[in-house]
Structures are given as structure tokens and as C-alpha cells.
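Undergrad: One structure follows; several queries about it will come next.
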Amino acid sequence: MSLAPHPAPHAGVTQLLVAGIGEMVISRDPKTTLVAYGLGSCVALAAWDPVTAVGGLAHFMLPTTPPSAVPPGPPAKFIDGGLPAFLERFARHGGRPGHARFKAAGGAAMLVLLSGGSSGGLEIGRRNAEALSAGLAALGLTLHARDLGGPAGRTVQLEVGTGRLLVKSLSTVTAL
């Protein structure tokens with residue numbers, strides 16, 4: 001699969017930071033945009049603190065770390081271990097998880113589309129969305145906006161200066 005070239009940053013953006021699969025990016029620069037490309041069954045979690053204007057974006061791939069994963073891989077590959085690591089890094093940069101606005105996108109049923117209608121019981125996108133919601137709830141945190149599930153892959157962009165999360169699919173663009 002080839003990736004499309006990075007879109008040109010919109011007016012006023014000086015930096016584009018990309019969260020690849022299993023990665024997280026955090027910034028305090030209001031002219032920075034954080035991006036996660038090609039979310040299929042993966043989920044992206046955006047965190048933005050409206051007082052400190054710290055923004056973070058994590059690109060989670062799977063809900064739980066398998067026992068055989070040694071080392072576990074990139075810091076945000078698995079939601080169960082990656083979510084606490086993301087929140088810790090967000091806090092180290094000045095974000096306050098208890099005051100942050102959390103938005104999520106992704107968790108599409110991509111394997112259903114690829115298999116002609118049967119996911120074979122995997123349902124990774126749904127499981128990712130559920131694991132993210134459960135992980136946040138266990139920490140007393142909630143999603144302020146979401147675009148989870150469905151059949152379409154997405155790309156997300158978090159504008160650090162405003163906290164706006166743009167969610168783009170093949171047919172739509174939504175601002176959360």
C-alpha cells in the first residue's frame with residue numbers, strides 16, 4: 001500500500017507531526033498539527049488541554065498486549081499499556097488528563113470489507129473502540145467526541161492551537 005503525499009499544512013501551520021502505527025506525538029506549539037494517517041481498525045486518541053494548550057495524539061493498533069509480546073513494541077501499539085504511557089507523556093509536557101478534552105476516531109470494520117462480509121470473529125476495530133472507552137473509564141476519563149466504527153478508514157488531524165480534530169474519510173470531512 002502506498003501512502004498519499006502529506007497534505008500541505010493550512011495557513012498558519014508551521015509543523016506537522018505524524019503519529020505512525022503504535023506511536024504518539026505531543027506538542028505545546030499552537031502552530032503544530034498532529035496527524036495519524038490511514039486508520040482502519042486502528043484507533044486514534046486525541047487529547048487537548050484547553051488551559052495549557054497541550055495537544056497529543058496516539059495511534060493505537062490493538063486492544064491488548066499478548067503475553068508473547070517481548071518487548072511490547074512501539075509505545076502506543078496496544079491500548080492496555082499504551083493508554084497509560086500516552087497520558088503520562090501528555091502530563092510530562094504540561095497537559096492535565098483530568099481537564100483534557102478527549103476525542104477518538106477509527107475502529108472501522110476493515111476486515112469485514114476485505115473478507116466479503118465476514119470478519120471471522122476478529123472484529124478488531126470494534127474491540128479497539130471498546131478497549132479505548134473502557135481504558136478511559138477505568139481512569140475516570142471520558143470521550144468528548146468520537147467517530148468510531150463503520151466501514152471506512154480515516155485520517156485525523158489535531159490542531160494544537162484550537163483543539164479541533166479533523167476526521168477525513170474517502171467521502172467526508174468532519175470536525176470534532
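We name chains A, B, ... following the order of the C-alpha cells; residues begin at 1 in each chain, and ligands are numbered from 1 as shown.
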Enumerate as a count of residues only all residues of range 106-172 of chain A assigned to helix (DSSP H, G or I) by DSSP on the backbone, naming them with the chain letters and numbers the document uses.
TA: 20
Undergrad: Excluding Ala105 in chain A and any residue of its chain fewer than 6 positions from it, enumerate the residues within 6 Å of it, using only C-alpha atoms, and give them as a PyMOL selection string.
TA: chain A and resi 43-44+146-148
Undergrad: Using only C-alpha atoms, what does the table of range 32-109 of chain A residues within 12 Å of range 132-140 of chain A look like, with each row giving the shortest atom pair and its distance in Å to one decimal, sorted by chain and ascending number, as a tab-separated table?
TA:
```
residue	atom	partner	partner_atom	distance
A:Cys42	CA	A:Leu132	CA	10.7
A:Val43	CA	A:Leu132	CA	8.2
A:Ala44	CA	A:Leu132	CA	9.4
A:Leu45	CA	A:Leu132	CA	8.3
A:Ala46	CA	A:Leu132	CA	11.7
A:Ala47	CA	A:Leu136	CA	11.6
A:Ala58	CA	A:Leu132	CA	11.2
A:His59	CA	A:Leu132	CA	11.3
A:Phe60	CA	A:Leu132	CA	9.0
A:Met61	CA	A:Leu132	CA	11.0
A:Leu62	CA	A:Leu132	CA	9.9
A:Pro63	CA	A:Leu132	CA	7.5
A:Thr64	CA	A:Leu132	CA	10.2
A:Ala76	CA	A:Leu132	CA	11.7
A:Phe78	CA	A:Leu132	CA	9.9
A:Ile79	CA	A:Leu132	CA	6.4
A:Asp80	CA	A:Gly135	CA	7.0
A:Gly81	CA	A:Gly135	CA	9.6
A:Gly82	CA	A:Gly135	CA	10.1
A:Leu83	CA	A:Gly135	CA	7.3
A:Pro84	CA	A:Gly135	CA	8.7
A:Phe86	CA	A:Leu136	CA	11.6
A:Leu87	CA	A:Leu136	CA	10.1
A:Pro97	CA	A:Leu139	CA	9.6
A:Gly98	CA	A:Gly140	CA	8.1
A:His99	CA	A:Gly140	CA	11.1
A:Ala100	CA	A:Gly140	CA	11.8
A:Arg101	CA	A:Leu136	CA	11.8
A:Phe102	CA	A:Leu136	CA	9.3
A:Lys103	CA	A:Ser133	CA	10.6
A:Ala104	CA	A:Leu132	CA	8.7
A:Ala105	CA	A:Leu132	CA	10.5
A:Gly106	CA	A:Leu132	CA	11.0
A:Gly107	CA	A:Leu132	CA	10.0
```
Undergrad: What's the separation between CA of Met24 in chain A and CA of Gln157 in chain A, in Å to one decimal place?
TA: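 Distance between the two atoms: 12.9 Å.
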Undergrad: Based on DSSP run over this structure's backbone, return all residues of range 94-154 of chain A in strand (DSSP E or B), as a PyMOL selection string.
TA: chain A and resi 101-106+143-148+154
Undergrad: Give me, please, the distance in Å between CA of Arg154 in chain A and CA of Leu39 in chain A, quoted to one decimal.
TA: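 Separation of CA of Arg154 in chain A and CA of Leu39 in chain A: 5.0 Å.
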Undergrad: Need the shell around range 48-57 of chain A: protein/DNA/RNA residues with any atom at most 8 Å away, counting only C-alpha atoms. Skip same-chain ones fewer than 3 positions apart. Format as an MDAnalysis selection string?
TA: chainID A and resid 19 24:30 34:36 44:45 90 93:97 99:102 158:163
Undergrad: Kindly save the residues from that selection, with N, CA and C atoms included, as an mmCIF file, in the first residue's frame.
TA:
```cif
data_model
loop_
_atom_site.group_PDB
_atom_site.id
_atom_site.type_symbol
_atom_site.label_atom_id
_atom_site.label_comp_id
_atom_site.auth_asym_id
_atom_site.auth_seq_id
_atom_site.Cartn_x
_atom_site.Cartn_y
_atom_site.Cartn_z
ATOM 1 N N ALA A 19 1.895 10.687 13.899
ATOM 2 C CA ALA A 19 1.860 9.523 14.790
ATOM 3 C C ALA A 19 1.642 8.303 13.911
ATOM 4 N N MET A 24 2.999 7.929 19.350
ATOM 5 C CA MET A 24 2.292 9.073 19.917
ATOM 6 C C MET A 24 3.125 10.319 19.687
ATOM 7 N N VAL A 25 2.447 11.443 19.494
ATOM 8 C CA VAL A 25 3.110 12.731 19.341
ATOM 9 C C VAL A 25 2.396 13.747 20.233
ATOM 10 N N ILE A 26 3.191 14.651 20.802
ATOM 11 C CA ILE A 26 2.651 15.662 21.717
ATOM 12 C C ILE A 26 3.347 16.984 21.424
ATOM 13 N N SER A 27 2.577 18.081 21.523
ATOM 14 C CA SER A 27 3.156 19.396 21.260
ATOM 15 C C SER A 27 2.450 20.467 22.081
ATOM 16 N N ARG A 28 3.217 21.520 22.365
ATOM 17 C CA ARG A 28 2.681 22.729 23.010
ATOM 18 C C ARG A 28 2.632 23.883 22.017
ATOM 19 N N ASP A 29 3.105 23.660 20.805
ATOM 20 C CA ASP A 29 3.187 24.713 19.792
ATOM 21 C C ASP A 29 1.827 24.902 19.124
ATOM 22 N N PRO A 30 1.203 26.073 19.271
ATOM 23 C CA PRO A 30 -0.127 26.283 18.694
ATOM 24 C C PRO A 30 -0.158 26.255 17.170
ATOM 25 N N LEU A 34 -1.036 17.708 14.580
ATOM 26 C CA LEU A 34 -0.682 16.315 14.826
ATOM 27 C C LEU A 34 -1.555 15.445 13.932
ATOM 28 N N VAL A 35 -0.952 14.458 13.258
ATOM 29 C CA VAL A 35 -1.663 13.677 12.245
ATOM 30 C C VAL A 35 -1.464 12.187 12.464
ATOM 31 N N ALA A 36 -2.534 11.417 12.236
ATOM 32 C CA ALA A 36 -2.464 9.950 12.144
ATOM 33 C C ALA A 36 -3.125 9.575 10.823
ATOM 34 N N ALA A 44 -7.323 6.286 16.889
ATOM 35 C CA ALA A 44 -6.510 7.421 17.302
ATOM 36 C C ALA A 44 -7.217 8.103 18.459
ATOM 37 N N LEU A 45 -6.430 8.460 19.462
ATOM 38 C CA LEU A 45 -6.951 9.218 20.597
ATOM 39 C C LEU A 45 -6.248 10.566 20.619
ATOM 40 N N PHE A 90 1.718 12.924 28.024
ATOM 41 C CA PHE A 90 0.900 14.133 27.892
ATOM 42 C C PHE A 90 1.091 15.018 29.132
ATOM 43 N N HIS A 93 4.422 16.854 29.425
ATOM 44 C CA HIS A 93 4.506 18.029 28.554
ATOM 45 C C HIS A 93 3.609 19.179 29.035
ATOM 46 N N GLY A 94 2.956 18.997 30.178
ATOM 47 C CA GLY A 94 2.136 20.065 30.744
ATOM 48 C C GLY A 94 0.646 19.893 30.574
ATOM 49 N N GLY A 95 0.213 18.841 29.891
ATOM 50 C CA GLY A 95 -1.215 18.566 29.755
ATOM 51 C C GLY A 95 -1.767 17.965 31.046
ATOM 52 N N ARG A 96 -2.994 18.247 31.338
ATOM 53 C CA ARG A 96 -3.631 17.711 32.544
ATOM 54 C C ARG A 96 -4.742 16.753 32.108
ATOM 55 N N PRO A 97 -4.503 15.445 32.198
ATOM 56 C CA PRO A 97 -5.505 14.481 31.731
ATOM 57 C C PRO A 97 -6.891 14.692 32.347
ATOM 58 N N HIS A 99 -8.371 17.379 32.983
ATOM 59 C CA HIS A 99 -9.024 18.554 32.405
ATOM 60 C C HIS A 99 -9.036 18.533 30.880
ATOM 61 N N ALA A 100 -8.435 17.503 30.318
ATOM 62 C CA ALA A 100 -8.299 17.436 28.864
ATOM 63 C C ALA A 100 -9.604 17.045 28.194
ATOM 64 N N ARG A 101 -9.700 17.436 26.946
ATOM 65 C CA ARG A 101 -10.812 17.018 26.088
ATOM 66 C C ARG A 101 -10.268 15.894 25.215
ATOM 67 N N PHE A 102 -10.931 14.741 25.306
ATOM 68 C CA PHE A 102 -10.508 13.553 24.560
ATOM 69 C C PHE A 102 -11.462 13.307 23.400
ATOM 70 N N LEU A 158 -5.133 16.804 14.498
ATOM 71 C CA LEU A 158 -5.419 17.605 15.682
ATOM 72 C C LEU A 158 -4.668 18.926 15.566
ATOM 73 N N GLU A 159 -5.419 20.024 15.587
ATOM 74 C CA GLU A 159 -4.821 21.360 15.576
ATOM 75 C C GLU A 159 -4.503 21.731 17.018
ATOM 76 N N VAL A 160 -3.226 21.813 17.355
ATOM 77 C CA VAL A 160 -2.818 22.060 18.735
ATOM 78 C C VAL A 160 -3.305 23.409 19.237
ATOM 79 N N GLY A 161 -3.325 24.414 18.391
ATOM 80 C CA GLY A 161 -3.744 25.749 18.819
ATOM 81 C C GLY A 161 -5.204 25.865 19.204
ATOM 82 N N THR A 162 -6.062 25.014 18.627
ATOM 83 C CA THR A 162 -7.505 25.132 18.860
ATOM 84 C C THR A 162 -8.135 23.895 19.498
ATOM 85 N N GLY A 163 -7.477 22.752 19.407
ATOM 86 C CA GLY A 163 -8.054 21.505 19.897
ATOM 87 C C GLY A 163 -9.019 20.863 18.920
#
```
Undergrad: Could you tell me how far CA of Glu123 in chain A lies from CA of Tyr37 in chain A, in Å and to one decimal?
TA: 20.5 Å
Undergrad: Given only C-alpha atoms as the basis, pick out the residue of A:Gln15, A:Pro67, A:Ala108, A:Pro75 nearest to Ser169 in chain A.
TA: A:Ala108
